[in-house]
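Asker: File start-v3.tsv follows (TSV, N, CA and C atoms):
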```
chain	number	residue	atom	x	y	z
A	1	MET	N	8.37	-7.88	-22.21
A	1	MET	CA	9.78	-8.23	-22.20
A	1	MET	C	9.92	-9.61	-21.56
A	2	HIS	N	10.93	-10.31	-21.98
A	2	HIS	CA	11.27	-11.61	-21.41
A	2	HIS	C	12.72	-11.53	-20.92
A	3	GLY	N	13.09	-12.50	-20.11
A	3	GLY	CA	14.44	-12.52	-19.57
A	3	GLY	C	15.53	-12.43	-20.63
A	4	ALA	N	15.30	-13.07	-21.75
A	4	ALA	CA	16.29	-13.06	-22.83
A	4	ALA	C	16.44	-11.67	-23.46
A	5	ASP	N	15.48	-10.80	-23.22
A	5	ASP	CA	15.52	-9.46	-23.79
A	5	ASP	C	16.30	-8.47	-22.95
A	6	VAL	N	16.67	-8.87	-21.73
A	6	VAL	CA	17.28	-7.92	-20.79
A	6	VAL	C	18.63	-7.43	-21.30
A	7	TRP	N	19.50	-8.32	-21.71
A	7	TRP	CA	20.84	-7.88	-22.14
A	7	TRP	C	20.79	-6.95	-23.35
A	8	PRO	N	20.06	-7.31	-24.39
A	8	PRO	CA	19.96	-6.37	-25.51
A	8	PRO	C	19.34	-5.02	-25.10
A	9	GLU	N	18.38	-5.06	-24.21
A	9	GLU	CA	17.76	-3.82	-23.73
A	9	GLU	C	18.78	-2.99	-22.94
A	10	TYR	N	19.59	-3.66	-22.15
A	10	TYR	CA	20.65	-2.96	-21.41
A	10	TYR	C	21.62	-2.29	-22.37
A	11	LEU	N	21.99	-2.99	-23.40
A	11	LEU	CA	22.92	-2.43	-24.38
A	11	LEU	C	22.34	-1.20	-25.09
A	12	ARG	N	21.00	-1.14	-25.18
A	12	ARG	CA	20.34	0.02	-25.77
A	12	ARG	C	20.12	1.13	-24.74
A	13	GLY	N	20.51	0.88	-23.48
A	13	GLY	CA	20.32	1.89	-22.44
A	13	GLY	C	18.93	1.88	-21.82
A	14	GLY	N	18.23	0.78	-21.97
A	14	GLY	CA	16.85	0.69	-21.49
A	14	GLY	C	16.71	0.26	-20.05
A	15	LEU	N	17.42	0.91	-19.14
A	15	LEU	CA	17.36	0.51	-17.73
A	15	LEU	C	15.96	0.67	-17.14
A	16	ALA	N	15.24	1.71	-17.54
A	16	ALA	CA	13.89	1.92	-17.00
A	16	ALA	C	12.98	0.76	-17.41
A	17	ARG	N	13.10	0.33	-18.63
A	17	ARG	CA	12.27	-0.80	-19.11
A	17	ARG	C	12.67	-2.10	-18.39
A	18	ILE	N	13.95	-2.29	-18.15
A	18	ILE	CA	14.41	-3.47	-17.42
A	18	ILE	C	13.87	-3.43	-16.00
A	19	ARG	N	13.93	-2.27	-15.37
A	19	ARG	CA	13.42	-2.14	-14.00
A	19	ARG	C	11.93	-2.48	-13.95
A	20	ALA	N	11.17	-1.95	-14.90
A	20	ALA	CA	9.73	-2.23	-14.93
A	20	ALA	C	9.48	-3.72	-15.10
A	21	TYR	N	10.23	-4.36	-15.99
A	21	TYR	CA	10.11	-5.80	-16.20
A	21	TYR	C	10.41	-6.56	-14.90
A	22	CYS	N	11.49	-6.20	-14.24
A	22	CYS	CA	11.89	-6.89	-13.01
A	22	CYS	C	10.85	-6.71	-11.91
A	23	GLU	N	10.32	-5.49	-11.78
A	23	GLU	CA	9.33	-5.24	-10.73
A	23	GLU	C	8.06	-6.05	-10.96
A	24	THR	N	7.59	-6.13	-12.19
A	24	THR	CA	6.38	-6.92	-12.43
A	24	THR	C	6.68	-8.42	-12.32
A	25	ASP	N	7.87	-8.83	-12.67
A	25	ASP	CA	8.26	-10.22	-12.50
A	25	ASP	C	8.27	-10.61	-11.02
A	26	VAL	N	8.78	-9.73	-10.19
A	26	VAL	CA	8.79	-9.99	-8.75
A	26	VAL	C	7.37	-10.05	-8.20
A	27	LEU	N	6.49	-9.16	-8.67
A	27	LEU	CA	5.10	-9.22	-8.23
A	27	LEU	C	4.45	-10.54	-8.59
A	28	ASN	N	4.66	-10.99	-9.82
A	28	ASN	CA	4.11	-12.28	-10.23
A	28	ASN	C	4.66	-13.42	-9.38
A	29	THR	N	5.94	-13.40	-9.12
A	29	THR	CA	6.57	-14.44	-8.31
A	29	THR	C	6.01	-14.43	-6.90
A	30	PHE	N	5.83	-13.25	-6.32
A	30	PHE	CA	5.28	-13.14	-4.97
A	30	PHE	C	3.85	-13.67	-4.92
A	31	LEU	N	3.05	-13.35	-5.92
A	31	LEU	CA	1.67	-13.84	-5.94
A	31	LEU	C	1.62	-15.35	-6.09
A	32	ILE	N	2.52	-15.92	-6.87
A	32	ILE	CA	2.60	-17.38	-6.98
A	32	ILE	C	3.01	-17.97	-5.63
A	33	TYR	N	3.96	-17.34	-4.96
A	33	TYR	CA	4.40	-17.79	-3.63
A	33	TYR	C	3.23	-17.77	-2.64
A	34	LEU	N	2.44	-16.70	-2.66
A	34	LEU	CA	1.30	-16.63	-1.75
A	34	LEU	C	0.33	-17.77	-2.01
A	35	ARG	N	0.07	-18.06	-3.28
A	35	ARG	CA	-0.84	-19.15	-3.61
A	35	ARG	C	-0.26	-20.49	-3.15
A	36	PHE	N	1.04	-20.67	-3.34
A	36	PHE	CA	1.72	-21.89	-2.90
A	36	PHE	C	1.59	-22.06	-1.38
A	37	GLU	N	1.78	-20.99	-0.66
A	37	GLU	CA	1.66	-21.07	0.81
A	37	GLU	C	0.23	-21.36	1.23
A	38	LEU	N	-0.74	-20.86	0.48
A	38	LEU	CA	-2.14	-21.20	0.75
A	38	LEU	C	-2.38	-22.69	0.52
A	39	LEU	N	-1.90	-23.19	-0.60
A	39	LEU	CA	-2.08	-24.61	-0.91
A	39	LEU	C	-1.37	-25.53	0.07
A	40	ARG	N	-0.22	-25.07	0.58
A	40	ARG	CA	0.53	-25.86	1.56
A	40	ARG	C	-0.10	-25.82	2.94
A	41	GLY	N	-1.03	-24.90	3.15
A	41	GLY	CA	-1.66	-24.76	4.46
A	41	GLY	C	-0.91	-23.84	5.39
A	42	HIS	N	0.10	-23.14	4.88
A	42	HIS	CA	0.85	-22.19	5.70
A	42	HIS	C	0.16	-20.85	5.80
A	43	LEU	N	-0.79	-20.59	4.92
A	43	LEU	CA	-1.68	-19.44	5.00
A	43	LEU	C	-3.10	-19.96	4.92
A	44	ASN	N	-3.98	-19.40	5.73
A	44	ASN	CA	-5.39	-19.74	5.55
A	44	ASN	C	-6.00	-18.76	4.55
A	45	ALA	N	-7.26	-18.98	4.20
A	45	ALA	CA	-7.89	-18.16	3.16
A	45	ALA	C	-7.90	-16.68	3.54
A	46	ALA	N	-8.15	-16.37	4.80
A	46	ALA	CA	-8.19	-14.98	5.24
A	46	ALA	C	-6.80	-14.34	5.17
A	47	GLU	N	-5.77	-15.07	5.56
A	47	GLU	CA	-4.40	-14.55	5.49
A	47	GLU	C	-3.98	-14.32	4.04
A	48	HIS	N	-4.33	-15.26	3.19
A	48	HIS	CA	-4.02	-15.13	1.77
A	48	HIS	C	-4.72	-13.90	1.20
A	49	ALA	N	-6.00	-13.76	1.50
A	49	ALA	CA	-6.77	-12.61	1.00
A	49	ALA	C	-6.18	-11.30	1.51
A	50	HIS	N	-5.73	-11.29	2.75
A	50	HIS	CA	-5.12	-10.09	3.33
A	50	HIS	C	-3.84	-9.71	2.57
A	51	GLU	N	-3.01	-10.68	2.28
A	51	GLU	CA	-1.76	-10.41	1.56
A	51	GLU	C	-2.03	-9.95	0.13
A	52	VAL	N	-2.99	-10.58	-0.52
A	52	VAL	CA	-3.35	-10.16	-1.88
A	52	VAL	C	-3.89	-8.73	-1.85
A	53	ALA	N	-4.69	-8.42	-0.86
A	53	ALA	CA	-5.22	-7.05	-0.73
A	53	ALA	C	-4.09	-6.04	-0.52
A	54	ARG	N	-3.07	-6.44	0.20
A	54	ARG	CA	-1.92	-5.54	0.39
A	54	ARG	C	-1.23	-5.25	-0.94
A	55	VAL	N	-1.10	-6.27	-1.77
A	55	VAL	CA	-0.49	-6.07	-3.09
A	55	VAL	C	-1.38	-5.16	-3.94
A	56	ARG	N	-2.68	-5.41	-3.91
A	56	ARG	CA	-3.61	-4.56	-4.68
A	56	ARG	C	-3.54	-3.11	-4.20
A	57	LYS	N	-3.44	-2.90	-2.90
A	57	LYS	CA	-3.33	-1.54	-2.34
A	57	LYS	C	-2.05	-0.88	-2.82
A	58	TYR	N	-0.95	-1.61	-2.76
A	58	TYR	CA	0.33	-1.10	-3.25
A	58	TYR	C	0.20	-0.65	-4.70
A	59	LEU	N	-0.43	-1.48	-5.52
A	59	LEU	CA	-0.60	-1.15	-6.93
A	59	LEU	C	-1.52	0.05	-7.12
A	60	SER	N	-2.58	0.12	-6.33
A	60	SER	CA	-3.52	1.24	-6.49
A	60	SER	C	-2.92	2.56	-6.05
A	61	ASP	N	-1.96	2.51	-5.15
A	61	ASP	CA	-1.28	3.73	-4.68
A	61	ASP	C	-0.19	4.19	-5.65
A	62	SER	N	0.19	3.32	-6.56
A	62	SER	CA	1.30	3.62	-7.45
A	62	SER	C	0.85	4.46	-8.63
A	63	THR	N	1.75	5.33	-9.06
A	63	THR	CA	1.50	6.11	-10.28
A	63	THR	C	2.40	5.61	-11.41
A	64	ALA	N	3.20	4.61	-11.15
A	64	ALA	CA	4.09	4.06	-12.17
A	64	ALA	C	3.26	3.34	-13.23
A	65	GLY	N	3.50	3.67	-14.47
A	65	GLY	CA	2.72	3.12	-15.56
A	65	GLY	C	2.71	1.61	-15.63
A	66	HIS	N	3.88	0.99	-15.42
A	66	HIS	CA	3.93	-0.47	-15.51
A	66	HIS	C	3.16	-1.14	-14.39
A	67	LEU	N	3.07	-0.47	-13.23
A	67	LEU	CA	2.32	-1.06	-12.12
A	67	LEU	C	0.82	-0.85	-12.28
A	68	THR	N	0.41	0.28	-12.82
A	68	THR	CA	-1.02	0.47	-13.09
A	68	THR	C	-1.46	-0.47	-14.21
A	69	GLU	N	-0.60	-0.71	-15.16
A	69	GLU	CA	-0.89	-1.67	-16.24
A	69	GLU	C	-1.01	-3.08	-15.66
A	70	PHE	N	-0.13	-3.43	-14.74
A	70	PHE	CA	-0.17	-4.73	-14.08
A	70	PHE	C	-1.51	-4.89	-13.36
A	71	ALA	N	-1.89	-3.87	-12.60
A	71	ALA	CA	-3.15	-3.91	-11.84
A	71	ALA	C	-4.35	-4.06	-12.78
A	72	ALA	N	-4.32	-3.34	-13.88
A	72	ALA	CA	-5.44	-3.41	-14.82
A	72	ALA	C	-5.57	-4.79	-15.46
A	73	ALA	N	-4.45	-5.47	-15.63
A	73	ALA	CA	-4.46	-6.79	-16.25
A	73	ALA	C	-4.76	-7.92	-15.26
A	74	TRP	N	-4.81	-7.59	-13.96
A	74	TRP	CA	-5.00	-8.59	-12.92
A	74	TRP	C	-6.47	-8.63	-12.52
A	75	PRO	N	-7.19	-9.66	-12.89
A	75	PRO	CA	-8.63	-9.73	-12.55
A	75	PRO	C	-8.83	-9.84	-11.04
A	76	GLU	N	-9.99	-9.39	-10.59
A	76	GLU	CA	-10.32	-9.41	-9.15
A	76	GLU	C	-10.50	-10.81	-8.60
A	77	THR	N	-10.84	-11.77	-9.44
A	77	THR	CA	-11.09	-13.12	-8.92
A	77	THR	C	-9.88	-13.98	-9.00
```
When written as structure tokens, how does the structure in this file appear?

Answerer:
Amino acid sequence: MHGADVWPEYLRGGLARIRAYCETDVLNTFLIYLRFELLRGHLNAAEHAHEVARVRKYLSDSTAGHLTEFAAAWPET
């Protein structure tokens, strides 16, 4: 799904699909933010790795299909 798909999906009653899209979008944004903070020097490599590990743990604990799919598509490196 893309942002432009949200309104038509809402009109079809697809709130669950919109929620899944928003949750994975927020995860992507947070991971980009972590990388930005690493590049800016506001996080060191260990701090960055710790935060990424927290996200991976959150995903591994989840039973939500969209989050397990997100984790499966996210390479370890």

Asker: Rounded to one decimal in Å, what is the spacing between atom C of Thr29 of chain A and atom CA of Glu51 of chain A?

Answerer: 12.2 Å

Asker: Mind listing the alpha helix (DSSP H) residues of segment 7-67 of chain A, per DSSP on the backbone, as an mmCIF file with N, CA and C atoms, in the coordinates of the input?

Answerer:
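Dumped everything to selection_29.cif:
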```cif
data_model
loop_
_atom_site.group_PDB
_atom_site.id
_atom_site.type_symbol
_atom_site.label_atom_id
_atom_site.label_comp_id
_atom_site.auth_asym_id
_atom_site.auth_seq_id
_atom_site.Cartn_x
_atom_site.Cartn_y
_atom_site.Cartn_z
ATOM 1 N N TRP A 7 19.500 -8.320 -21.710
ATOM 2 C CA TRP A 7 20.840 -7.880 -22.140
ATOM 3 C C TRP A 7 20.790 -6.950 -23.350
ATOM 4 N N PRO A 8 20.060 -7.310 -24.390
ATOM 5 C CA PRO A 8 19.960 -6.370 -25.510
ATOM 6 C C PRO A 8 19.340 -5.020 -25.100
ATOM 7 N N GLU A 9 18.380 -5.060 -24.210
ATOM 8 C CA GLU A 9 17.760 -3.820 -23.730
ATOM 9 C C GLU A 9 18.780 -2.990 -22.940
ATOM 10 N N TYR A 10 19.590 -3.660 -22.150
ATOM 11 C CA TYR A 10 20.650 -2.960 -21.410
ATOM 12 C C TYR A 10 21.620 -2.290 -22.370
ATOM 13 N N LEU A 11 21.990 -2.990 -23.400
ATOM 14 C CA LEU A 11 22.920 -2.430 -24.380
ATOM 15 C C LEU A 11 22.340 -1.200 -25.090
ATOM 16 N N LEU A 15 17.420 0.910 -19.140
ATOM 17 C CA LEU A 15 17.360 0.510 -17.730
ATOM 18 C C LEU A 15 15.960 0.670 -17.140
ATOM 19 N N ALA A 16 15.240 1.710 -17.540
ATOM 20 C CA ALA A 16 13.890 1.920 -17.000
ATOM 21 C C ALA A 16 12.980 0.760 -17.410
ATOM 22 N N ARG A 17 13.100 0.330 -18.630
ATOM 23 C CA ARG A 17 12.270 -0.800 -19.110
ATOM 24 C C ARG A 17 12.670 -2.100 -18.390
ATOM 25 N N ILE A 18 13.950 -2.290 -18.150
ATOM 26 C CA ILE A 18 14.410 -3.470 -17.420
ATOM 27 C C ILE A 18 13.870 -3.430 -16.000
ATOM 28 N N ARG A 19 13.930 -2.270 -15.370
ATOM 29 C CA ARG A 19 13.420 -2.140 -14.000
ATOM 30 C C ARG A 19 11.930 -2.480 -13.950
ATOM 31 N N ALA A 20 11.170 -1.950 -14.900
ATOM 32 C CA ALA A 20 9.730 -2.230 -14.930
ATOM 33 C C ALA A 20 9.480 -3.720 -15.100
ATOM 34 N N TYR A 21 10.230 -4.360 -15.990
ATOM 35 C CA TYR A 21 10.110 -5.800 -16.200
ATOM 36 C C TYR A 21 10.410 -6.560 -14.900
ATOM 37 N N CYS A 22 11.490 -6.200 -14.240
ATOM 38 C CA CYS A 22 11.890 -6.890 -13.010
ATOM 39 C C CYS A 22 10.850 -6.710 -11.910
ATOM 40 N N GLU A 23 10.320 -5.490 -11.780
ATOM 41 C CA GLU A 23 9.330 -5.240 -10.730
ATOM 42 C C GLU A 23 8.060 -6.050 -10.960
ATOM 43 N N THR A 24 7.590 -6.130 -12.190
ATOM 44 C CA THR A 24 6.380 -6.920 -12.430
ATOM 45 C C THR A 24 6.680 -8.420 -12.320
ATOM 46 N N ASP A 25 7.870 -8.830 -12.670
ATOM 47 C CA ASP A 25 8.260 -10.220 -12.500
ATOM 48 C C ASP A 25 8.270 -10.610 -11.020
ATOM 49 N N VAL A 26 8.780 -9.730 -10.190
ATOM 50 C CA VAL A 26 8.790 -9.990 -8.750
ATOM 51 C C VAL A 26 7.370 -10.050 -8.200
ATOM 52 N N LEU A 27 6.490 -9.160 -8.670
ATOM 53 C CA LEU A 27 5.100 -9.220 -8.230
ATOM 54 C C LEU A 27 4.450 -10.540 -8.590
ATOM 55 N N ASN A 28 4.660 -10.990 -9.820
ATOM 56 C CA ASN A 28 4.110 -12.280 -10.230
ATOM 57 C C ASN A 28 4.660 -13.420 -9.380
ATOM 58 N N THR A 29 5.940 -13.400 -9.120
ATOM 59 C CA THR A 29 6.570 -14.440 -8.310
ATOM 60 C C THR A 29 6.010 -14.430 -6.900
ATOM 61 N N PHE A 30 5.830 -13.250 -6.320
ATOM 62 C CA PHE A 30 5.280 -13.140 -4.970
ATOM 63 C C PHE A 30 3.850 -13.670 -4.920
ATOM 64 N N LEU A 31 3.050 -13.350 -5.920
ATOM 65 C CA LEU A 31 1.670 -13.840 -5.940
ATOM 66 C C LEU A 31 1.620 -15.350 -6.090
ATOM 67 N N ILE A 32 2.520 -15.920 -6.870
ATOM 68 C CA ILE A 32 2.600 -17.380 -6.980
ATOM 69 C C ILE A 32 3.010 -17.970 -5.630
ATOM 70 N N TYR A 33 3.960 -17.340 -4.960
ATOM 71 C CA TYR A 33 4.400 -17.790 -3.630
ATOM 72 C C TYR A 33 3.230 -17.770 -2.640
ATOM 73 N N LEU A 34 2.440 -16.700 -2.660
ATOM 74 C CA LEU A 34 1.300 -16.630 -1.750
ATOM 75 C C LEU A 34 0.330 -17.770 -2.010
ATOM 76 N N ARG A 35 0.070 -18.060 -3.280
ATOM 77 C CA ARG A 35 -0.840 -19.150 -3.610
ATOM 78 C C ARG A 35 -0.260 -20.490 -3.150
ATOM 79 N N PHE A 36 1.040 -20.670 -3.340
ATOM 80 C CA PHE A 36 1.720 -21.890 -2.900
ATOM 81 C C PHE A 36 1.590 -22.060 -1.380
ATOM 82 N N GLU A 37 1.780 -20.990 -0.660
ATOM 83 C CA GLU A 37 1.660 -21.070 0.810
ATOM 84 C C GLU A 37 0.230 -21.360 1.230
ATOM 85 N N LEU A 38 -0.740 -20.860 0.480
ATOM 86 C CA LEU A 38 -2.140 -21.200 0.750
ATOM 87 C C LEU A 38 -2.380 -22.690 0.520
ATOM 88 N N LEU A 39 -1.900 -23.190 -0.600
ATOM 89 C CA LEU A 39 -2.080 -24.610 -0.910
ATOM 90 C C LEU A 39 -1.370 -25.530 0.070
ATOM 91 N N ARG A 40 -0.220 -25.070 0.580
ATOM 92 C CA ARG A 40 0.530 -25.860 1.560
ATOM 93 C C ARG A 40 -0.100 -25.820 2.940
ATOM 94 N N ALA A 45 -7.260 -18.980 4.200
ATOM 95 C CA ALA A 45 -7.890 -18.160 3.160
ATOM 96 C C ALA A 45 -7.900 -16.680 3.540
ATOM 97 N N ALA A 46 -8.150 -16.370 4.800
ATOM 98 C CA ALA A 46 -8.190 -14.980 5.240
ATOM 99 C C ALA A 46 -6.800 -14.340 5.170
ATOM 100 N N GLU A 47 -5.770 -15.070 5.560
ATOM 101 C CA GLU A 47 -4.400 -14.550 5.490
ATOM 102 C C GLU A 47 -3.980 -14.320 4.040
ATOM 103 N N HIS A 48 -4.330 -15.260 3.190
ATOM 104 C CA HIS A 48 -4.020 -15.130 1.770
ATOM 105 C C HIS A 48 -4.720 -13.900 1.200
ATOM 106 N N ALA A 49 -6.000 -13.760 1.500
ATOM 107 C CA ALA A 49 -6.770 -12.610 1.000
ATOM 108 C C ALA A 49 -6.180 -11.300 1.510
ATOM 109 N N HIS A 50 -5.730 -11.290 2.750
ATOM 110 C CA HIS A 50 -5.120 -10.090 3.330
ATOM 111 C C HIS A 50 -3.840 -9.710 2.570
ATOM 112 N N GLU A 51 -3.010 -10.680 2.280
ATOM 113 C CA GLU A 51 -1.760 -10.410 1.560
ATOM 114 C C GLU A 51 -2.030 -9.950 0.130
ATOM 115 N N VAL A 52 -2.990 -10.580 -0.520
ATOM 116 C CA VAL A 52 -3.350 -10.160 -1.880
ATOM 117 C C VAL A 52 -3.890 -8.730 -1.850
ATOM 118 N N ALA A 53 -4.690 -8.420 -0.860
ATOM 119 C CA ALA A 53 -5.220 -7.050 -0.730
ATOM 120 C C ALA A 53 -4.090 -6.040 -0.520
ATOM 121 N N ARG A 54 -3.070 -6.440 0.200
ATOM 122 C CA ARG A 54 -1.920 -5.540 0.390
ATOM 123 C C ARG A 54 -1.230 -5.250 -0.940
ATOM 124 N N VAL A 55 -1.100 -6.270 -1.770
ATOM 125 C CA VAL A 55 -0.490 -6.070 -3.090
ATOM 126 C C VAL A 55 -1.380 -5.160 -3.940
ATOM 127 N N ARG A 56 -2.680 -5.410 -3.910
ATOM 128 C CA ARG A 56 -3.610 -4.560 -4.680
ATOM 129 C C ARG A 56 -3.540 -3.110 -4.200
ATOM 130 N N LYS A 57 -3.440 -2.900 -2.900
ATOM 131 C CA LYS A 57 -3.330 -1.540 -2.340
ATOM 132 C C LYS A 57 -2.050 -0.880 -2.820
ATOM 133 N N TYR A 58 -0.950 -1.610 -2.760
ATOM 134 C CA TYR A 58 0.330 -1.100 -3.250
ATOM 135 C C TYR A 58 0.200 -0.650 -4.700
ATOM 136 N N LEU A 59 -0.430 -1.480 -5.520
ATOM 137 C CA LEU A 59 -0.600 -1.150 -6.930
ATOM 138 C C LEU A 59 -1.520 0.050 -7.120
ATOM 139 N N SER A 60 -2.580 0.120 -6.330
ATOM 140 C CA SER A 60 -3.520 1.240 -6.490
ATOM 141 C C SER A 60 -2.920 2.560 -6.050
ATOM 142 N N ASP A 61 -1.960 2.510 -5.150
ATOM 143 C CA ASP A 61 -1.280 3.730 -4.680
ATOM 144 C C ASP A 61 -0.190 4.190 -5.650
ATOM 145 N N GLY A 65 3.500 3.670 -14.470
ATOM 146 C CA GLY A 65 2.720 3.120 -15.560
ATOM 147 C C GLY A 65 2.710 1.610 -15.630
ATOM 148 N N HIS A 66 3.880 0.990 -15.420
ATOM 149 C CA HIS A 66 3.930 -0.470 -15.510
ATOM 150 C C HIS A 66 3.160 -1.140 -14.390
ATOM 151 N N LEU A 67 3.070 -0.470 -13.230
ATOM 152 C CA LEU A 67 2.320 -1.060 -12.120
ATOM 153 C C LEU A 67 0.820 -0.850 -12.280
#
```

Asker: For Ala20 of chain A, which of A:Val6, A:Val52, A:Leu67, A:Ala45 is the closest residue, counting all atoms listed in the file?

Answerer: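 Between A:Val6, A:Val52, A:Leu67, A:Ala45, the residue approaching Ala20 of chain A most closely is A:Leu67.
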
Asker: Counting all atoms listed in the file, which of A:His48, A:Phe70, A:Leu34, A:Met1 gets nearest to Tyr21 of chain A?

Answerer: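 Closest candidate: A:Met1.
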
Asker: Report, in Å to a single decimal, how far apart atom CA of Ile18 of chain A and atom CA of Asp5 of chain A are.

Answerer: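 Those two atoms sit 8.8 Å apart.
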
Asker: How many Å lie between atom C of Phe30 of chain A and atom C of His66 of chain A, rounded to one decimal?

Answerer: 15.7 Å

Asker: Looking at only C-alpha atoms, which of A:Arg56, A:Ser62, A:Pro8, A:Arg35 is the one that sits closest to Pro75 of chain A?

Answerer: A:Arg56

Asker: Could you work out an axis-aligned box for segment 6-20 of chain A, taking every atom the file lists and adding 8 Å on each side, and report centre and edge lengths in Å to one decimal, as lines of an AutoDock Vina configuration file?

Answerer:
```
center_x = 16.2
center_y = -3.5
center_z = -19.9
size_x = 29.4
size_y = 26.8
size_z = 27.8
```
